[in-house]
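Student: One file: entry.cif (mmCIF, C-alpha atoms).
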```cif
data_entry
loop_
_atom_site.label_atom_id
_atom_site.label_comp_id
_atom_site.auth_asym_id
_atom_site.auth_seq_id
_atom_site.Cartn_x
_atom_site.Cartn_y
_atom_site.Cartn_z
CA MET K 1 14.62 70.59 82.03
CA ASN K 2 14.62 73.19 84.75
CA MET K 3 13.91 76.89 84.91
CA ALA K 4 17.56 77.89 84.38
CA ALA K 5 17.75 75.84 81.20
CA LEU K 6 14.72 77.69 79.87
CA PHE K 7 16.78 80.87 79.72
CA ASP K 8 19.18 79.20 77.26
CA LYS K 9 16.49 78.52 74.67
CA LYS K 10 16.09 80.67 71.60
CA TYR K 11 12.31 80.53 71.35
CA VAL K 12 10.16 80.27 74.43
CA PHE K 13 6.37 79.93 74.18
CA PHE K 14 4.02 80.64 77.07
CA GLY K 15 0.60 79.09 76.67
CA GLY K 16 -2.29 77.97 78.81
CA LYS K 17 -5.91 78.52 79.67
CA GLY K 18 -7.29 82.04 79.57
CA GLY K 19 -6.68 84.02 82.75
CA THR K 20 -3.99 81.80 84.25
CA GLY K 21 -1.24 84.40 83.79
CA LYS K 22 0.42 83.70 80.43
CA THR K 23 1.09 87.35 79.74
CA THR K 24 2.36 87.95 83.27
CA CYS K 25 4.76 85.00 83.09
CA ALA K 26 5.94 85.84 79.58
CA ALA K 27 6.52 89.46 80.57
CA ALA K 28 8.36 88.55 83.78
CA PHE K 29 10.44 85.91 82.03
CA SER K 30 11.39 88.41 79.32
CA LEU K 31 12.32 91.01 81.89
CA LYS K 32 14.51 88.56 83.78
CA ALA K 33 16.20 87.35 80.59
CA SER K 34 16.88 90.93 79.53
CA GLU K 35 18.42 91.63 82.93
CA MET K 36 20.69 88.62 82.36
CA LYS K 37 22.19 90.70 79.53
CA LYS K 38 20.32 88.87 76.83
CA LYS K 39 18.69 90.67 73.96
CA VAL K 40 15.04 89.78 74.23
CA LEU K 41 12.10 90.17 71.88
CA LEU K 42 8.70 89.59 73.43
CA VAL K 43 5.96 88.84 70.91
CA SER K 44 2.26 88.65 71.59
CA THR K 45 0.26 86.46 69.22
CA ASP K 46 -2.90 86.86 71.26
CA PRO K 47 -5.44 88.90 69.30
CA ALA K 48 -6.54 90.38 72.62
CA HIS K 49 -3.24 92.04 73.35
CA SER K 50 -2.39 92.81 76.92
CA LEU K 51 1.37 93.39 76.73
CA SER K 52 0.73 97.12 76.39
CA ASP K 53 -1.40 97.00 79.52
CA ILE K 54 1.03 95.03 81.60
CA TYR K 55 4.04 97.19 80.67
CA ASP K 56 1.88 100.29 80.91
CA THR K 57 3.10 101.57 77.55
CA SER K 58 1.80 101.50 74.00
CA ILE K 59 3.39 98.65 72.00
CA GLY K 60 1.27 97.74 68.96
CA PRO K 61 2.20 96.00 65.71
CA LYS K 62 5.17 98.30 65.08
CA GLY K 63 6.75 97.33 68.38
CA ALA K 64 8.46 99.26 71.15
CA GLN K 65 11.70 99.23 73.08
CA LEU K 66 11.04 98.70 76.77
CA SER K 67 14.59 98.78 78.09
CA ASP K 68 18.16 98.52 76.80
CA SER K 69 17.78 94.96 75.75
CA LEU K 70 14.04 94.32 75.89
CA PHE K 71 11.81 94.82 72.86
CA ALA K 72 8.16 93.93 72.43
CA VAL K 73 5.70 93.67 69.56
CA GLU K 74 2.02 92.81 69.34
CA ILE K 75 1.03 91.03 66.14
CA ASP K 76 -2.18 92.43 64.73
CA PRO K 77 -3.74 89.85 62.39
CA GLU K 78 -5.92 92.46 60.73
CA VAL K 79 -2.95 94.63 59.84
CA GLU K 80 -1.00 91.62 58.52
CA ALA K 81 -3.91 90.26 56.49
CA LYS K 82 -4.53 93.71 54.99
CA LYS K 83 -0.89 94.01 53.95
CA TYR K 84 -1.03 90.58 52.31
CA VAL K 85 -4.29 91.27 50.49
CA GLU K 86 -3.21 94.73 49.32
CA GLY K 87 -0.02 93.23 47.92
CA ILE K 88 -2.04 90.69 45.94
CA LYS K 89 -4.41 93.34 44.62
CA ARG K 90 -1.46 95.41 43.43
CA GLN K 91 0.06 92.39 41.74
CA LEU K 92 -3.28 91.53 40.13
CA SER K 93 -3.82 94.94 38.62
CA GLY K 94 -0.41 94.59 37.00
CA VAL K 95 -1.22 91.39 35.11
CA VAL K 96 -4.94 91.27 34.41
CA SER K 97 -7.55 93.77 33.25
CA ASN K 98 -9.62 95.84 35.65
CA VAL K 99 -12.70 93.86 34.75
CA VAL K 100 -11.06 90.68 35.98
CA VAL K 101 -9.77 92.41 39.10
CA GLU K 102 -13.29 93.55 39.85
CA ALA K 103 -14.65 90.05 39.35
CA LEU K 104 -12.01 88.63 41.66
CA GLN K 105 -12.73 91.17 44.35
CA LYS K 106 -15.47 88.89 45.64
CA GLN K 107 -13.08 85.97 45.84
CA ILE K 108 -10.48 88.06 47.67
CA ASP K 109 -12.96 89.39 50.19
CA ALA K 110 -14.38 85.94 50.83
CA ALA K 111 -10.94 84.53 51.52
CA TYR K 112 -10.09 87.49 53.70
CA MET K 113 -13.15 86.91 55.88
CA SER K 114 -12.99 83.12 55.92
CA PRO K 115 -12.20 81.26 59.14
CA GLY K 116 -8.52 80.54 59.38
CA SER K 117 -7.40 83.78 57.76
CA GLU K 118 -6.58 85.38 61.06
CA GLU K 119 -4.47 82.40 62.10
CA ALA K 120 -2.73 82.30 58.74
CA ALA K 121 -1.91 86.00 59.01
CA ILE K 122 -0.57 85.55 62.56
CA PHE K 123 1.34 82.49 61.47
CA ASP K 124 3.08 84.26 58.58
CA LYS K 125 4.13 87.14 60.77
CA PHE K 126 5.22 84.79 63.50
CA LEU K 127 7.57 82.90 61.17
CA GLU K 128 8.85 86.17 59.74
CA ILE K 129 9.69 87.34 63.25
CA MET K 130 11.42 84.08 64.16
CA GLU K 131 13.53 84.13 61.02
CA SER K 132 14.37 87.82 61.12
CA SER K 133 15.35 87.61 64.81
CA GLU K 134 18.36 85.51 63.81
CA GLY K 135 21.47 87.39 64.95
CA LYS K 136 19.44 90.29 66.36
CA PHE K 137 17.96 88.71 69.45
CA ASP K 138 19.18 86.03 71.84
CA VAL K 139 15.71 85.03 72.97
CA VAL K 140 12.28 85.43 71.39
CA VAL K 141 9.47 84.97 73.89
CA PHE K 142 5.92 84.34 72.70
CA ASP K 143 2.90 85.29 74.71
CA THR K 144 0.32 83.13 72.97
CA ALA K 145 -3.45 83.18 72.78
CA PRO K 146 -5.46 80.82 75.01
CA THR K 147 -4.86 77.11 74.45
CA GLY K 148 -7.32 76.32 71.67
CA HIS K 149 -6.15 79.13 69.40
CA THR K 150 -2.51 78.32 69.92
CA LEU K 151 -2.90 74.61 69.30
CA ARG K 152 -4.58 75.39 66.00
CA LEU K 153 -1.86 77.86 65.12
CA LEU K 154 0.84 75.30 65.83
CA SER K 155 -0.87 72.55 63.87
CA LEU K 156 -1.13 74.81 60.83
CA PRO K 157 2.22 73.92 59.23
CA LYS K 158 1.51 70.22 59.36
CA LEU K 159 -2.07 70.42 58.13
CA LEU K 160 -1.37 72.87 55.36
CA GLY K 161 1.80 71.03 54.46
CA LEU K 162 -0.32 68.02 53.49
CA TRP K 163 -2.75 70.18 51.57
CA ILE K 164 0.01 71.93 49.68
CA ASN K 165 1.70 68.64 48.82
CA SER K 166 -1.37 67.42 47.02
CA LEU K 167 -1.63 70.76 45.22
CA ILE K 168 1.95 70.53 44.01
CA GLU K 169 1.40 66.97 42.82
CA LYS K 170 -1.74 67.91 40.87
CA ARG K 171 -0.20 70.97 39.27
CA LYS K 172 2.98 69.09 38.33
CA ASN K 173 0.89 66.47 36.61
CA ALA K 174 -1.08 69.08 34.65
CA VAL K 175 2.08 70.95 33.65
CA LYS K 176 3.75 67.73 32.54
CA LEU K 177 0.80 66.80 30.32
CA LEU K 178 0.67 70.28 28.87
CA GLU K 179 4.37 70.12 28.03
CA LYS K 180 3.84 66.80 26.37
CA ALA K 181 1.02 68.21 24.27
CA SER K 182 2.62 71.49 23.33
CA GLY K 183 6.27 70.48 23.31
CA VAL K 184 7.11 73.73 25.11
CA LYS K 185 8.70 73.78 28.54
CA ASN K 186 7.79 76.69 30.77
CA ASP K 187 8.84 77.64 34.24
CA ASP K 188 5.51 77.60 36.08
CA PRO K 189 5.20 80.49 38.55
CA VAL K 190 2.32 78.72 40.30
CA LEU K 191 4.51 75.75 41.15
CA ARG K 192 7.24 78.08 42.32
CA ILE K 193 4.89 79.86 44.73
CA LEU K 194 3.47 76.60 46.03
CA GLN K 195 6.96 75.28 46.59
CA ASN K 196 7.88 78.46 48.49
CA ARG K 197 4.89 77.99 50.78
CA LYS K 198 5.76 74.36 51.32
CA ASN K 199 9.30 75.33 52.28
CA MET K 200 7.94 77.95 54.61
CA PHE K 201 5.73 75.45 56.44
CA GLU K 202 8.65 73.06 56.71
CA ARG K 203 10.97 75.69 58.15
CA ALA K 204 8.32 76.67 60.68
CA TRP K 205 7.83 73.06 61.69
CA ASP K 206 11.59 72.54 61.99
CA ILE K 207 11.81 75.39 64.47
CA LEU K 208 8.71 74.43 66.44
CA SER K 209 9.68 70.80 66.82
CA ASP K 210 13.33 71.44 67.66
CA PHE K 211 13.50 70.81 71.37
CA ARG K 212 17.09 72.07 71.61
CA GLN K 213 16.22 75.64 70.69
CA THR K 214 12.47 75.86 71.28
CA ALA K 215 10.55 75.44 74.52
CA PHE K 216 6.83 75.34 75.28
CA VAL K 217 5.71 76.26 78.75
CA PHE K 218 2.17 76.02 80.05
CA VAL K 219 1.01 78.35 82.77
CA LEU K 220 -1.69 77.03 85.06
CA THR K 221 -3.30 77.88 88.35
CA PRO K 222 -3.84 75.26 91.08
CA GLU K 223 -7.45 74.69 90.10
CA ARG K 224 -9.36 71.83 88.57
CA LEU K 225 -10.12 73.19 85.07
CA PRO K 226 -6.66 74.52 84.16
CA ILE K 227 -5.07 71.22 85.22
CA PHE K 228 -7.28 69.19 82.90
CA GLU K 229 -6.90 71.63 80.03
CA THR K 230 -3.13 71.69 80.37
CA GLU K 231 -2.97 67.92 80.46
CA ARG K 232 -5.00 67.65 77.25
CA ALA K 233 -3.02 70.36 75.48
CA MET K 234 0.25 68.69 76.43
CA GLN K 235 -0.93 65.35 75.10
CA TYR K 236 -2.02 67.02 71.90
CA LEU K 237 1.31 68.76 71.37
CA GLU K 238 3.43 65.75 72.22
CA HIS K 239 1.29 63.61 69.97
CA SER K 240 1.87 65.99 67.07
CA GLY K 241 5.62 65.94 67.71
CA ILE K 242 6.23 69.00 69.87
CA LYS K 243 7.80 68.32 73.24
CA VAL K 244 6.54 70.40 76.14
CA ALA K 245 9.29 71.83 78.36
CA GLY K 246 7.20 72.22 81.46
CA VAL K 247 4.56 74.00 83.47
CA VAL K 248 4.58 77.05 85.71
CA VAL K 249 2.12 77.10 88.58
CA ASN K 250 0.76 80.60 89.08
CA GLY K 251 -1.32 82.20 91.80
CA VAL K 252 -0.16 80.11 94.76
CA ILE K 253 -1.38 81.57 98.06
CA PRO K 254 1.76 82.58 100.01
CA GLN K 255 2.50 81.19 103.48
CA ALA K 256 2.31 84.68 104.96
CA ALA K 257 -1.37 85.01 104.06
CA GLU K 258 -3.51 84.40 107.13
CA GLY K 259 -7.09 84.13 108.20
CA ALA K 260 -9.71 81.39 108.09
CA PHE K 261 -10.66 82.18 104.48
CA MET K 262 -7.08 82.08 103.25
CA ASN K 263 -6.35 78.89 105.16
CA LYS K 264 -9.34 77.19 103.60
CA ARG K 265 -8.32 78.32 100.11
CA ARG K 266 -4.75 77.22 100.73
CA GLU K 267 -5.95 73.79 101.78
CA VAL K 268 -7.85 73.45 98.50
CA GLN K 269 -4.88 74.74 96.51
CA ASN K 270 -2.47 72.37 98.19
CA ARG K 271 -4.57 69.46 97.07
CA TYR K 272 -4.34 70.66 93.48
CA ILE K 273 -0.64 71.48 93.75
CA ARG K 274 -0.03 67.89 94.87
CA GLU K 275 -2.08 66.74 91.89
CA ILE K 276 -0.03 68.96 89.55
CA HIS K 277 3.23 67.48 90.88
CA GLY K 278 1.78 64.01 90.53
CA LYS K 279 0.72 64.59 86.94
CA PHE K 280 3.58 66.70 85.60
CA LYS K 281 6.41 65.59 87.94
CA GLU K 282 9.79 66.99 86.90
CA LYS K 283 8.05 69.23 84.40
CA VAL K 284 6.94 71.61 87.15
CA LEU K 285 9.42 74.43 86.57
CA ALA K 286 8.32 77.07 89.04
CA GLU K 287 5.62 78.11 91.49
CA ILE K 288 4.61 81.73 91.60
CA ASP K 289 2.96 83.27 94.63
CA LEU K 290 -0.18 85.30 94.43
CA LEU K 291 0.82 88.94 94.95
CA ASP K 292 -1.02 91.37 97.17
CA GLU K 293 -1.57 93.67 94.17
CA ASP K 294 -2.60 93.14 90.59
CA ILE K 295 0.37 92.95 88.30
CA TRP K 296 1.43 95.63 85.88
CA GLY K 297 4.51 97.80 85.56
CA MET K 298 8.17 96.90 85.87
CA ASP K 299 8.34 96.77 89.68
CA ASN K 300 5.62 94.19 90.09
CA LEU K 301 6.91 92.20 87.12
CA ARG K 302 10.30 92.09 88.82
CA ARG K 303 8.68 90.57 91.90
CA ILE K 304 7.29 87.80 89.69
CA ALA K 305 10.59 87.44 87.83
CA GLU K 306 12.35 86.67 91.11
CA MET K 307 10.16 83.61 91.55
CA LEU K 308 11.02 82.24 88.10
CA MET D 1 26.08 55.09 1.11
CA PHE D 2 25.12 52.45 3.64
CA GLU D 3 24.94 55.06 6.35
CA LYS D 4 22.66 57.24 4.24
CA ALA D 5 20.37 54.33 3.58
CA SER D 6 20.18 53.36 7.21
CA ALA D 7 19.46 56.96 8.21
CA PHE D 8 16.66 57.03 5.67
CA LEU D 9 15.22 53.80 6.94
CA LYS D 10 15.42 55.05 10.50
CA ASP D 11 13.53 58.18 9.52
CA PHE D 12 11.05 56.20 7.55
CA PHE D 13 10.20 53.90 10.39
CA ALA D 14 10.23 56.70 12.90
CA THR D 15 7.62 58.53 10.85
CA LEU D 16 5.62 55.39 10.38
CA LEU D 17 5.70 54.55 14.06
CA ARG D 18 5.09 58.09 15.29
CA PRO D 19 1.81 58.23 17.17
CA ILE D 20 -1.02 59.44 15.00
CA ASP D 21 -1.89 63.06 15.34
CA ARG D 22 -5.06 62.48 17.38
CA THR D 23 -3.04 61.86 20.54
CA HIS D 24 -2.07 65.50 20.69
CA PRO D 25 -5.54 66.90 21.39
CA MET D 26 -6.15 63.98 23.73
CA VAL D 27 -3.12 64.79 25.84
CA MET D 28 -4.20 68.40 25.75
CA LYS D 29 -7.61 67.43 27.09
CA GLU D 30 -6.05 65.31 29.77
CA ALA D 31 -3.85 68.25 30.74
CA TYR D 32 -6.93 70.44 31.07
CA ALA D 33 -8.72 67.83 33.14
CA ALA D 34 -5.73 67.57 35.47
CA ASN D 35 -5.54 71.32 35.78
CA ASP D 36 -9.27 71.55 36.45
CA ALA D 37 -8.81 69.19 39.37
CA PHE D 38 -6.01 71.37 40.63
CA MET D 39 -8.19 74.46 40.33
CA LEU D 40 -10.95 72.69 42.22
CA LEU D 41 -8.64 72.17 45.19
CA LEU D 42 -7.64 75.81 45.07
CA PHE D 43 -10.86 77.63 44.34
CA GLY D 44 -13.52 75.14 45.36
CA ASP D 45 -15.01 77.81 47.59
CA LEU D 46 -16.21 79.57 44.43
CA LEU D 47 -18.39 76.53 43.80
CA GLY D 48 -19.47 76.27 47.40
CA ILE D 49 -16.90 73.77 48.66
CA PRO D 50 -15.19 75.22 51.73
CA ASN D 51 -11.44 75.56 51.47
CA PRO D 52 -9.23 75.13 54.53
CA ALA D 53 -6.67 77.57 53.27
CA SER D 54 -8.35 80.07 51.01
CA TYR D 55 -6.07 82.72 52.52
CA TYR D 56 -3.05 81.07 50.97
CA THR D 57 -4.72 80.51 47.61
CA LEU D 58 -5.01 84.26 47.20
CA GLU D 59 -1.35 84.65 46.30
CA LEU D 60 -1.89 82.39 43.28
CA LEU D 61 -4.68 84.57 41.91
CA PRO D 62 -2.44 86.89 39.87
CA TYR D 63 -1.18 83.86 37.96
CA LEU D 64 -4.44 81.98 37.64
CA ALA D 65 -6.89 84.86 37.25
CA ASP D 66 -7.21 84.30 33.51
CA GLU D 67 -7.96 80.62 33.96
CA ILE D 68 -10.62 81.04 36.62
CA GLU D 69 -13.48 82.19 34.43
CA GLY D 70 -13.20 79.38 31.91
CA TRP D 71 -12.76 76.86 34.67
CA GLN D 72 -15.79 78.12 36.57
CA GLN D 73 -17.90 77.85 33.42
CA ARG D 74 -16.68 74.34 32.68
CA MET D 75 -17.51 73.33 36.23
CA ALA D 76 -20.94 74.95 36.08
CA ILE D 77 -21.94 73.27 32.82
CA LYS D 78 -21.78 69.60 33.58
CA GLY D 79 -22.61 68.71 29.96
CA THR D 80 -19.34 70.18 28.82
CA VAL D 81 -17.40 67.96 31.17
CA LEU D 82 -19.24 64.89 29.88
CA GLU D 83 -18.76 65.92 26.26
CA GLU D 84 -15.07 66.39 26.80
CA LYS D 85 -14.81 62.98 28.37
CA ALA D 86 -16.89 61.40 25.62
CA ALA D 87 -14.72 62.97 22.95
CA GLN D 88 -11.69 61.27 24.40
CA PHE D 89 -13.19 57.87 23.74
CA ASP D 90 -14.07 58.51 20.14
CA PHE D 91 -17.71 57.41 20.29
#
```
Have the structure of the file written as structure tokens, please.
Tutor:
Amino acid sequence: MNMAALFDKKYVFFGGKGGTGKTTCAAAFSLKASEMKKKVLLVSTDPAHSLSDIYDTSIGPKGAQLSDSLFAVEIDPEVEAKKYVEGIKRQLSGVVSNVVVEALQKQIDAAYMSPGSEEAAIFDKFLEIMESSEGKFDVVVFDTAPTGHTLRLLSLPKLLGLWINSLIEKRKNAVKLLEKASGVKNDDPVLRILQNRKNMFERAWDILSDFRQTAFVFVLTPERLPIFETERAMQYLEHSGIKVAGVVVNGVIPQAAEGAFMNKRREVQNRYIREIHGKFKEKVLAEIDLLDEDIWGMDNLRRIAEML
Amino acid sequence: MFEKASAFLKDFFATLLRPIDRTHPMVMKEAYAANDAFMLLLFGDLLGIPNPASYYTLELLPYLADEIEGWQQRMAIKGTVLEEKAAQFDF
């Protein structure tokens, strides 16, 4: 795996510790891919969206076109969860009385607020985007939330897959007994919905674990904490069956920088860069220099893109 | 003639050997018990058991809404559960 091969993937994920430059790398990578005449969709799954800030334009959950072949969208979990819940409430009022709807309101609100809802909402949207991008985009780039969030998001299909399997088994058993008792065979909508969810989790997992079309890249800075976090996250992913394509080292002090302070910092960085090469070996895809300005807008992103 | 007689005998023995009627309510009860377990996995949070995926159980609500109340009551009144179980064993 090298940097050039990364541009041939269909789904590219940028992850890593907070503040290491995930958004910058994802944005620069997307820009470069779009300038290679690929149709690119850049998706932010980080609840704290910064794509809008880095491109200096308003993107939001509806998305925006940034150039001829570059599109971006910021998934808003609240918007997605609301849509989902509203749909269920509409459906409910169609089949049960208002009294029951009212009684279930509590249940709906509790589920809506429960931990995991935000991830589930992001996850649903994220699969929808991957599947609807088929034929429309050559590359879908994901700017993910900091490591912990993303690892949980990625482990969702496997965890919930197990949970849903046991649900299906239990319901099948109950339906079978009921048929035996009543002699009537019915198509159970509950089983159908559960099966749909199960299929959805399986499709998501198929995409995520397919190394030929999907790539995970970790962005890290040559510092102690990001190195350890990246190493742990990589182990976690590989253990769960997702291969990691490589790492991008960001914020390297350029040779041209001078002065006693810079030299001292560079010395420290070099130690860590050697450690990164030792740990990640051929997985080090690129090293990006620290720029003399903070990065936002197309011109600065292009400077980063050249180093990818 | 012989065929008619054999058909009659078949019927006769089939009726004789058919499980007695009490199995029907028993299977019914078993079906309910199985479904109650299913509901517990789905809506355990209503009884105070946290659910890892309550977000995804929401979409089943329109189809299970009618069952929830009865289920919740059965779960709340432990005696009912015991009685149901006891009834199955014909004490």
Student: Smallest atom-to-atom distance to chain K: which of D:Met39, D:Ala34, D:Ala7, D:Leu47, using all atoms listed in the file?
Tutor: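 When distances to chain K are compared using all atoms listed in the file, the smallest one comes from D:Ala34.
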Student: Select, from K:Ile295, K:Ile207, K:Val217, K:Val175, the residue with the minimum atom-to-atom distance to chain D, counting all atoms listed in the file.
Tutor: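 Of K:Ile295, K:Ile207, K:Val217, K:Val175, the one nearest chain D is K:Val175, counting all atoms listed in the file.
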Student: Can you list what the PyMOL selection byres ((chain K and resi 31) around 10) grabs from this structure, as a list in words?
Tutor: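 This file, filtered by the PyMOL selection byres ((chain K and resi 31) around 10), leaves Cys25, Ala26, Ala27, Ala28, Phe29, Ser30, Lys32, Ala33, Ser34, Glu35, Met36, Lys38, Val40, Leu42, Leu66, Ser67, Ser69, Leu70, Phe71, Met298, Leu301, Arg302, Ile304 and Ala305 of chain K.
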Student: Please evaluate the PyMOL selection byres ((chain K) within 7 of (chain D)) against the displayed coordinates and give the resulting residues as a VMD selection string.
Tutor: chain K and resid 88 91 to 92 95 108 111 to 112 117 167 170 to 171 173 to 174 177 to 178 181 190
Student: Do you know which residues are at most 7 Å from region 197-202 of chain K counting all atoms listed in the file, after dropping those on the same chain fewer than 6 positions away, and could you put them as a PyMOL selection string?
Tutor: chain K and resi 157+161+164
Student: Carefully work through the PyMOL selection byres ((chain K and resi 285) around 8) for this structure and note down the residues it includes, as a ChimeraX atom specification.
Tutor: /K:1-3,246-248,282-284,286-287
Student: What is the CA of Arg265 (chain K)-CA of Val252 (chain K) distance in Å, reported with one decimal?
Tutor: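 If I compute the distance from CA of Arg265 (chain K) to CA of Val252 (chain K), I get 9.9 Å.
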Student: Suppose you want the space between CA of Phe123 (chain K) and CA of Gly60 (chain K); what is it in Å?
Tutor: 17.0 Å
Student: Quick one: distance from CA of Asn250 (chain K) to CA of Ser133 (chain K) in Å, one decimal?
Tutor: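 Separating CA of Asn250 (chain K) from CA of Ser133 (chain K) is a distance of 29.2 Å.
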Student: Which residue gives the smallest distance to Ala121 (chain K) among K:Ser209, K:Thr20, K:Asn263, K:Thr45, with only C-alpha atoms counted?
Tutor: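 Using only C-alpha atoms, the shortest distance to Ala121 (chain K) belongs to K:Thr45.
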Student: Choose the residue, out of K:Val139, K:Leu127, K:Leu51, K:Ala245, that has the smallest atom-to-atom separation from Val73 (chain K); count all atoms listed in the file.
Tutor: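 Ranked by minimum distance to Val73 (chain K), first place goes to K:Leu51.
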Student: Hey, which of K:Arg303, K:Lys243, K:Lys279, K:Lys83 ends up closest to Asp124 (chain K)? Count only C-alpha atoms.
Tutor: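 Smallest separation from Asp124 (chain K) among the options: K:Lys83.
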Student: Point out the residue among K:Met113, K:Ile54, K:Val79, K:Ala145 with the least atom-to-atom distance to Gly18 (chain K), counting all atoms listed in the file.
Tutor: K:Ala145
Student: Counting all atoms listed in the file, write as number ranges by chain all protein and nucleic acid residues lying at most 12 Å from (-11.0, 73.9, 80.6) in the file's frame.
Tutor: K: 16-20, 146-148, 220-221, 223-233
Student: Using the partial input, fill out region 224-244 of chain K with N, CA and C atoms; write the result as a compact mmCIF listing (two decimals), in the coordinates of the input.
Tutor:
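Resulting contents of rebuild.txt:
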```txt
# COMPACT_ATOMS: atom_id res chain seq x y z
N ARG K 224 -8.97 73.03 89.30
CA ARG K 224 -9.36 71.83 88.57
C ARG K 224 -9.31 72.01 87.04
N LEU K 225 -10.00 73.05 86.52
CA LEU K 225 -10.12 73.19 85.07
C LEU K 225 -8.79 73.41 84.35
N PRO K 226 -7.94 74.33 84.84
CA PRO K 226 -6.66 74.52 84.16
C PRO K 226 -5.80 73.26 84.15
N ILE K 227 -5.88 72.44 85.18
CA ILE K 227 -5.07 71.22 85.22
C ILE K 227 -5.49 70.29 84.08
N PHE K 228 -6.82 70.08 83.96
CA PHE K 228 -7.28 69.19 82.90
C PHE K 228 -6.95 69.74 81.52
N GLU K 229 -7.16 71.05 81.35
CA GLU K 229 -6.90 71.63 80.03
C GLU K 229 -5.42 71.50 79.67
N THR K 230 -4.56 71.77 80.63
CA THR K 230 -3.13 71.69 80.37
C THR K 230 -2.72 70.27 80.00
N GLU K 231 -3.29 69.31 80.73
CA GLU K 231 -2.97 67.92 80.46
C GLU K 231 -3.35 67.54 79.03
N ARG K 232 -4.55 67.96 78.62
CA ARG K 232 -5.00 67.65 77.25
C ARG K 232 -4.13 68.34 76.21
N ALA K 233 -3.82 69.61 76.44
CA ALA K 233 -3.02 70.36 75.48
C ALA K 233 -1.63 69.74 75.33
N MET K 234 -1.08 69.31 76.46
CA MET K 234 0.25 68.69 76.43
C MET K 234 0.23 67.41 75.62
N GLN K 235 -0.80 66.61 75.86
CA GLN K 235 -0.93 65.35 75.10
C GLN K 235 -1.03 65.64 73.61
N TYR K 236 -1.82 66.66 73.30
CA TYR K 236 -2.02 67.02 71.90
C TYR K 236 -0.70 67.42 71.25
N LEU K 237 0.03 68.28 71.93
CA LEU K 237 1.31 68.76 71.37
C LEU K 237 2.30 67.62 71.21
N GLU K 238 2.44 66.83 72.27
CA GLU K 238 3.43 65.75 72.22
C GLU K 238 3.05 64.74 71.14
N HIS K 239 1.76 64.53 71.00
CA HIS K 239 1.29 63.61 69.97
C HIS K 239 1.65 64.12 68.58
N SER K 240 1.58 65.44 68.40
CA SER K 240 1.87 65.99 67.07
C SER K 240 3.37 66.21 66.88
N GLY K 241 4.16 65.90 67.90
CA GLY K 241 5.62 65.94 67.71
C GLY K 241 6.31 67.13 68.33
N ILE K 242 5.60 67.87 69.17
CA ILE K 242 6.23 69.00 69.87
C ILE K 242 6.36 68.64 71.34
N LYS K 243 7.59 68.65 71.84
CA LYS K 243 7.80 68.32 73.24
C LYS K 243 7.49 69.53 74.11
N VAL K 244 6.86 69.30 75.24
CA VAL K 244 6.54 70.40 76.14
C VAL K 244 7.62 70.47 77.23
```
